[in-house]
$ cat start.txt   # compact mmCIF, C-alpha atoms
# COMPACT_ATOMS: atom_id res chain seq x y z
CA MET T 1 77.39 107.24 -161.28
CA SER T 2 77.29 105.66 -157.82
CA PRO T 3 74.26 103.52 -156.91
CA ALA T 4 73.20 106.21 -154.41
CA SER T 5 73.37 108.93 -157.09
CA ILE T 6 71.35 106.79 -159.50
CA GLU T 7 68.71 106.19 -156.81
CA LEU T 8 68.61 109.95 -156.08
CA LEU T 9 68.26 110.70 -159.81
CA GLY T 10 65.40 108.23 -160.05
CA PHE T 11 63.62 109.68 -157.04
CA THR T 12 64.02 113.25 -158.36
CA ALA T 13 62.61 112.14 -161.73
CA ALA T 14 59.81 110.32 -159.89
CA ALA T 15 58.99 113.35 -157.76
CA LEU T 16 58.87 115.64 -160.81
CA THR T 17 56.73 113.45 -163.10
CA SER T 18 54.33 112.65 -160.26
CA LEU T 19 54.05 116.02 -158.52
CA CYS T 20 53.80 117.76 -161.92
CA TRP T 21 50.15 116.58 -161.98
CA LEU T 22 49.32 118.64 -158.89
CA PRO T 23 49.12 122.01 -160.76
CA GLN T 24 46.94 120.41 -163.49
CA ALA T 25 44.63 118.84 -160.89
CA TRP T 26 44.43 122.12 -158.95
CA ARG T 27 43.77 124.17 -162.10
CA THR T 28 41.02 121.77 -163.18
CA ILE T 29 39.39 121.72 -159.71
CA ARG T 30 39.50 125.53 -159.62
CA THR T 31 38.30 126.32 -163.17
CA ARG T 32 36.26 123.15 -163.96
CA ASP T 33 37.63 123.70 -167.48
CA THR T 34 38.70 120.43 -169.14
CA LYS T 35 37.87 121.38 -172.75
CA ALA T 36 41.47 121.41 -174.06
CA ILE T 37 42.39 118.16 -172.27
CA SER T 38 42.33 114.98 -174.37
CA LEU T 39 40.18 112.16 -172.91
CA TRP T 40 42.23 109.60 -174.86
CA THR T 41 45.50 110.95 -173.40
CA GLN T 42 44.24 110.84 -169.80
CA SER T 43 42.73 107.35 -170.25
CA LEU T 44 45.81 105.81 -171.89
CA LEU T 45 48.04 107.56 -169.33
CA ALA T 46 46.05 106.01 -166.46
CA LEU T 47 46.27 102.55 -168.04
CA GLY T 48 49.99 102.95 -168.81
CA THR T 49 50.67 104.13 -165.27
CA VAL T 50 49.13 100.91 -163.89
CA LEU T 51 51.47 98.88 -166.15
CA TRP T 52 54.54 100.96 -165.12
CA PHE T 53 53.64 100.36 -161.47
CA THR T 54 53.56 96.59 -162.09
CA TYR T 55 56.82 96.78 -164.08
CA GLY T 56 58.47 98.71 -161.23
CA LEU T 57 57.49 96.00 -158.76
CA GLN T 58 58.92 93.31 -161.05
CA ILE T 59 62.30 95.02 -161.51
CA ALA T 60 62.23 96.23 -157.85
CA SER T 61 62.72 99.86 -158.88
CA TRP T 62 61.19 101.89 -156.05
CA PRO T 63 61.28 105.21 -157.92
CA VAL T 64 59.14 103.62 -160.66
CA VAL T 65 56.73 102.08 -158.11
CA VAL T 66 56.27 105.15 -155.90
CA ALA T 67 56.12 107.60 -158.85
CA ASN T 68 53.43 105.65 -160.64
CA ALA T 69 51.27 105.07 -157.55
CA LEU T 70 51.16 108.84 -156.93
CA THR T 71 50.76 109.67 -160.64
CA LEU T 72 47.83 107.25 -160.91
CA CYS T 73 45.94 109.00 -158.08
CA LEU T 74 46.34 112.44 -159.69
CA VAL T 75 45.67 111.26 -163.26
CA LEU T 76 42.48 109.45 -162.14
CA LEU T 77 41.35 112.65 -160.41
CA ILE T 78 41.88 114.68 -163.62
CA LEU T 79 40.26 111.92 -165.71
CA SER T 80 37.17 111.89 -163.46
CA MET T 81 36.87 115.69 -163.86
CA LYS T 82 37.25 115.35 -167.66
CA LEU T 83 34.43 112.77 -167.66
CA ARG T 84 32.26 115.03 -165.47
CA PHE T 85 32.90 118.45 -167.03
CA GLY T 86 33.39 117.27 -170.65
CA MET O 1 57.25 86.60 -164.19
CA SER O 2 59.91 85.57 -166.73
CA PRO O 3 62.48 88.18 -167.82
CA ALA O 4 60.87 88.23 -171.29
CA SER O 5 57.41 88.89 -169.80
CA ILE O 6 58.79 91.69 -167.61
CA GLU O 7 60.46 93.28 -170.66
CA LEU O 8 57.18 92.99 -172.62
CA LEU O 9 55.27 94.55 -169.70
CA GLY O 10 57.77 97.42 -169.61
CA PHE O 11 57.55 98.02 -173.34
CA THR O 12 53.73 97.96 -173.25
CA ALA O 13 53.77 100.48 -170.38
CA ALA O 14 56.33 102.54 -172.31
CA ALA O 15 54.25 102.47 -175.49
CA LEU O 16 51.09 103.55 -173.61
CA THR O 17 52.58 106.41 -171.58
CA SER O 18 54.47 107.74 -174.61
CA LEU O 19 51.90 107.29 -177.37
CA CYS O 20 49.16 108.62 -175.04
CA TRP O 21 50.57 112.10 -175.80
CA LEU O 22 49.72 111.77 -179.50
CA PRO O 23 45.95 112.46 -179.06
CA GLN O 24 46.74 115.50 -176.85
CA ALA O 25 49.27 116.84 -179.37
CA TRP O 26 46.86 116.26 -182.26
CA ARG O 27 43.94 117.87 -180.38
CA THR O 28 46.08 120.90 -179.55
CA ILE O 29 47.40 121.26 -183.12
CA ARG O 30 43.83 120.99 -184.47
CA THR O 31 42.04 123.29 -182.00
CA ARG O 32 44.92 125.58 -180.91
CA ASP O 33 43.13 125.48 -177.55
CA THR O 34 45.54 125.17 -174.61
CA LYS O 35 43.52 127.14 -172.06
CA ALA O 36 42.75 124.20 -169.71
CA ILE O 37 46.32 122.85 -169.87
CA SER O 38 48.63 123.72 -166.96
CA LEU O 39 51.93 125.35 -167.99
CA TRP O 40 53.52 124.18 -164.73
CA THR O 41 52.46 120.58 -165.38
CA GLN O 42 53.85 120.54 -168.93
CA SER O 43 57.12 122.23 -167.85
CA LEU O 44 57.76 119.94 -164.86
CA LEU O 45 56.78 116.92 -166.96
CA ALA O 46 59.36 117.87 -169.63
CA LEU O 47 62.08 118.31 -166.98
CA GLY O 48 61.11 115.07 -165.21
CA THR O 49 61.13 113.18 -168.51
CA VAL O 50 64.75 114.28 -169.13
CA LEU O 51 65.69 112.92 -165.69
CA TRP O 52 63.83 109.61 -166.28
CA PHE O 53 65.69 109.23 -169.58
CA THR O 54 69.03 109.65 -167.78
CA TYR O 55 67.92 107.26 -165.01
CA GLY O 56 66.89 104.68 -167.62
CA LEU O 57 70.36 104.86 -169.20
CA GLN O 58 72.00 104.38 -165.79
CA ILE O 59 69.95 101.30 -164.85
CA ALA O 60 70.03 100.07 -168.51
CA SER O 61 66.23 99.82 -168.67
CA TRP O 62 65.39 100.24 -172.35
CA PRO O 63 61.64 100.67 -171.84
CA VAL O 64 62.42 103.65 -169.58
CA VAL O 65 64.91 105.13 -172.09
CA VAL O 66 62.80 104.69 -175.24
CA ALA O 67 59.54 105.75 -173.54
CA ASN O 68 61.00 108.94 -172.19
CA ALA O 69 62.75 109.96 -175.41
CA LEU O 70 59.42 109.71 -177.29
CA THR O 71 57.46 111.31 -174.44
CA LEU O 72 59.89 114.25 -174.34
CA CYS O 73 59.33 115.02 -178.05
CA LEU O 74 55.53 115.06 -177.67
CA VAL O 75 55.52 116.94 -174.35
CA LEU O 76 57.87 119.62 -175.77
CA LEU O 77 55.52 119.99 -178.76
CA ILE O 78 52.51 120.50 -176.45
CA LEU O 79 54.55 122.84 -174.21
CA SER O 80 55.58 124.97 -177.20
CA MET O 81 51.93 125.27 -178.27
CA LYS O 82 50.94 126.20 -174.68
CA LEU O 83 53.60 128.94 -174.73
CA ARG O 84 52.39 130.14 -178.14
CA PHE O 85 48.61 129.96 -177.72
CA GLY O 86 48.46 130.75 -173.98
$ encode --input "start.txt" --output "structure tokens"
Amino acid sequence: MSPASIELLGFTAAALTSLCWLPQAWRTIRTRDTKAISLWTQSLLALGTVLWFTYGLQIASWPVVVANALTLCLVLLILSMKLRFG
Amino acid sequence: MSPASIELLGFTAAALTSLCWLPQAWRTIRTRDTKAISLWTQSLLALGTVLWFTYGLQIASWPVVVANALTLCLVLLILSMKLRFG
């Protein structure tokens, strides 16, 4: 694959795995139902996302950096609702 | 950071954002409760994970490859339970 195609692939992957949290955040805001969501999963995901962000900076992979910054915002929003609604 | 430290950071991030799906999978298997989980989120996450895996192969980043292979297995398991239990 050409470098441009690889970059495009990375950005598409980044867009999907970041924006995928929008429907979950919206559903949780709307229903206030977090019962089936694992607190451990959301907490470890938030922590892991911080580490991926740092890793992306180190290897200068912008899809990794941008994806994880956006993911972190959405995951922290869902995590805060899990902590609030139980 | 040294190349070894960057690799370690990547593998720690990979371990966290992959293994974080274990508590969610276990909770869902145990309770069969998937009501609060977004079908869109799980579906887009599965698709995005496939793209990240391919991207990881292209840039030869083993943390990205290994993390996303493991994540895909767990996310597909949760997705299949969401489709089954509603």
$ residues_near_point --input "start.txt" --point "(59.8, 103.5, -171.7)" --cutoff "10 Å" --atoms "only C-alpha atoms" --output "list in words"
Trp52 of chain T; Gly10, Phe11, Thr12, Ala13, Ala14, Ala15, Leu16, Thr17, Ser18, Trp52, Phe53, Gly56, Ser61, Trp62, Pro63, Val64, Val65, Val66, Ala67, Asn68, Ala69, Leu70 and Thr71 of chain O
$ residues_around --input "start.txt" --residues "Ile37 in chain T" --least-positions-apart "4" --cutoff "8 Å" --atoms "only C-alpha atoms" --output "PyMOL selection string"
(chain T and resi 41-42+82) or (chain O and resi 24+36-37)
$ atom_distance --input "start.txt" --atom1 "CA of Trp40 in chain O" --atom2 "CA of Leu77 in chain O"
14.8 Å
$ closest_residue --input "start.txt" --among "O:Thr34, O:Ile29, O:Ile78, O:Ser2" --to "chain T" --atoms "only C-alpha atoms"
O:Thr34
$ atom_distance --input "start.txt" --atom1 "CA of Arg32 in chain T" --atom2 "CA of Asp33 in chain O"
15.4 Å
$ atom_distance --input "start.txt" --atom1 "CA of Cys73 in chain T" --atom2 "CA of Gly48 in chain T"
13.0 Å
$ closest_residue --input "start.txt" --among "T:Ala60, T:Tyr55, T:Ala25, T:Pro3" --to "chain O" --atoms "all atoms listed in the file"
T:Tyr55
$ closest_residue --input "start.txt" --among "T:Trp26, T:Thr31, T:Leu51, T:Val75" --to "chain O" --atoms "all atoms listed in the file"
T:Leu51
$ closest_residue --input "start.txt" --among "O:Leu57, O:Ile6, O:Leu22, O:Leu45" --to "Leu74 in chain O" --atoms "all atoms listed in the file"
O:Leu22
$ residues_around --input "start.txt" --residues "Leu79 in chain T" --least-positions-apart "6" --cutoff "9 Å" --atoms "all atoms listed in the file" --output "ChimeraX atom specification"
/T:39,42-43,46
$ closest_residue --input "start.txt" --among "O:Leu47, O:Leu76, O:Leu83, O:Ala4" --to "chain T" --atoms "only C-alpha atoms"
O:Leu47
$ build_atoms --input "start.txt" --residues "range 52-63 of chain T" --atoms "all heavy atoms" --output "CSV table (one decimal), in the frame of the given file"
chain,number,residue,atom,x,y,z
T,52,TRP,N,53.2,100.5,-165.6
T,52,TRP,CA,54.5,101.0,-165.1
T,52,TRP,C,54.7,100.6,-163.7
T,52,TRP,O,55.8,100.1,-163.2
T,52,TRP,CB,54.7,102.5,-165.2
T,52,TRP,CG,55.3,103.0,-166.5
T,52,TRP,CD1,54.8,103.9,-167.3
T,52,TRP,CD2,56.5,102.6,-167.1
T,52,TRP,NE1,55.6,104.1,-168.4
T,52,TRP,CE2,56.7,103.3,-168.3
T,52,TRP,CE3,57.5,101.7,-166.8
T,52,TRP,CZ2,57.7,103.2,-169.2
T,52,TRP,CZ3,58.6,101.5,-167.7
T,52,TRP,CH2,58.7,102.3,-168.8
T,53,PHE,N,53.6,100.7,-162.9
T,53,PHE,CA,53.6,100.4,-161.5
T,53,PHE,C,54.0,98.9,-161.3
T,53,PHE,O,54.9,98.5,-160.5
T,53,PHE,CB,52.2,100.7,-160.9
T,53,PHE,CG,52.1,100.3,-159.4
T,53,PHE,CD1,52.6,101.1,-158.4
T,53,PHE,CD2,51.5,99.1,-159.1
T,53,PHE,CE1,52.4,100.7,-157.1
T,53,PHE,CE2,51.3,98.7,-157.8
T,53,PHE,CZ,51.8,99.5,-156.8
T,54,THR,N,53.3,98.0,-162.1
T,54,THR,CA,53.6,96.6,-162.1
T,54,THR,C,55.0,96.3,-162.5
T,54,THR,O,55.7,95.4,-161.9
T,54,THR,CB,52.6,95.9,-163.0
T,54,THR,OG1,51.3,96.4,-162.8
T,54,THR,CG2,52.6,94.4,-162.8
T,55,TYR,N,55.4,97.0,-163.6
T,55,TYR,CA,56.8,96.8,-164.1
T,55,TYR,C,57.8,97.2,-163.0
T,55,TYR,O,58.8,96.4,-162.8
T,55,TYR,CB,57.0,97.6,-165.3
T,55,TYR,CG,58.4,97.6,-165.9
T,55,TYR,CD1,58.9,96.5,-166.6
T,55,TYR,CD2,59.3,98.7,-165.7
T,55,TYR,CE1,60.2,96.5,-167.1
T,55,TYR,CE2,60.6,98.7,-166.3
T,55,TYR,CZ,61.0,97.6,-166.9
T,55,TYR,OH,62.3,97.6,-167.5
T,56,GLY,N,57.6,98.3,-162.3
T,56,GLY,CA,58.5,98.7,-161.2
T,56,GLY,C,58.6,97.7,-160.1
T,56,GLY,O,59.7,97.4,-159.6
T,57,LEU,N,57.5,97.1,-159.8
T,57,LEU,CA,57.5,96.0,-158.8
T,57,LEU,C,58.3,94.8,-159.2
T,57,LEU,O,59.1,94.3,-158.5
T,57,LEU,CB,56.1,95.5,-158.5
T,57,LEU,CG,55.1,96.4,-157.7
T,57,LEU,CD1,53.7,95.8,-157.6
T,57,LEU,CD2,55.7,96.7,-156.3
T,58,GLN,N,58.2,94.5,-160.5
T,58,GLN,CA,58.9,93.3,-161.0
T,58,GLN,C,60.4,93.5,-161.1
T,58,GLN,O,61.2,92.6,-160.8
T,58,GLN,CB,58.4,93.0,-162.5
T,58,GLN,CG,57.0,92.5,-162.5
T,58,GLN,CD,56.8,91.1,-161.8
T,58,GLN,OE1,57.7,90.3,-161.8
T,58,GLN,NE2,55.7,90.9,-161.3
T,59,ILE,N,60.9,94.8,-161.4
T,59,ILE,CA,62.3,95.0,-161.5
T,59,ILE,C,62.8,95.6,-160.2
T,59,ILE,O,64.0,96.0,-160.1
T,59,ILE,CB,62.7,95.9,-162.7
T,59,ILE,CG1,62.1,97.4,-162.5
T,59,ILE,CG2,62.3,95.3,-164.0
T,59,ILE,CD1,62.8,98.4,-163.5
T,60,ALA,N,61.9,95.7,-159.2
T,60,ALA,CA,62.2,96.2,-157.8
T,60,ALA,C,62.9,97.6,-157.9
T,60,ALA,O,63.9,97.9,-157.3
T,60,ALA,CB,63.1,95.3,-157.1
T,61,SER,N,62.3,98.5,-158.8
T,61,SER,CA,62.7,99.9,-158.9
T,61,SER,C,61.7,100.7,-158.1
T,61,SER,O,60.6,101.0,-158.6
T,61,SER,CB,62.8,100.3,-160.4
T,61,SER,OG,63.0,101.7,-160.4
T,62,TRP,N,62.1,101.1,-156.9
T,62,TRP,CA,61.2,101.9,-156.0
T,62,TRP,C,60.8,103.3,-156.6
T,62,TRP,O,59.7,103.7,-156.5
T,62,TRP,CB,61.7,101.9,-154.6
T,62,TRP,CG,61.8,100.5,-154.1
T,62,TRP,CD1,62.9,99.8,-153.8
T,62,TRP,CD2,60.6,99.6,-153.9
T,62,TRP,NE1,62.5,98.5,-153.5
T,62,TRP,CE2,61.1,98.4,-153.6
T,62,TRP,CE3,59.2,99.8,-154.1
T,62,TRP,CZ2,60.3,97.3,-153.3
T,62,TRP,CZ3,58.4,98.7,-153.8
T,62,TRP,CH2,59.0,97.5,-153.5
T,63,PRO,N,61.7,104.0,-157.3
T,63,PRO,CA,61.3,105.2,-157.9
T,63,PRO,C,60.1,105.0,-158.9
T,63,PRO,O,59.2,105.8,-158.9
T,63,PRO,CB,62.5,105.7,-158.7
T,63,PRO,CG,63.7,105.1,-157.9
T,63,PRO,CD,63.2,103.8,-157.4
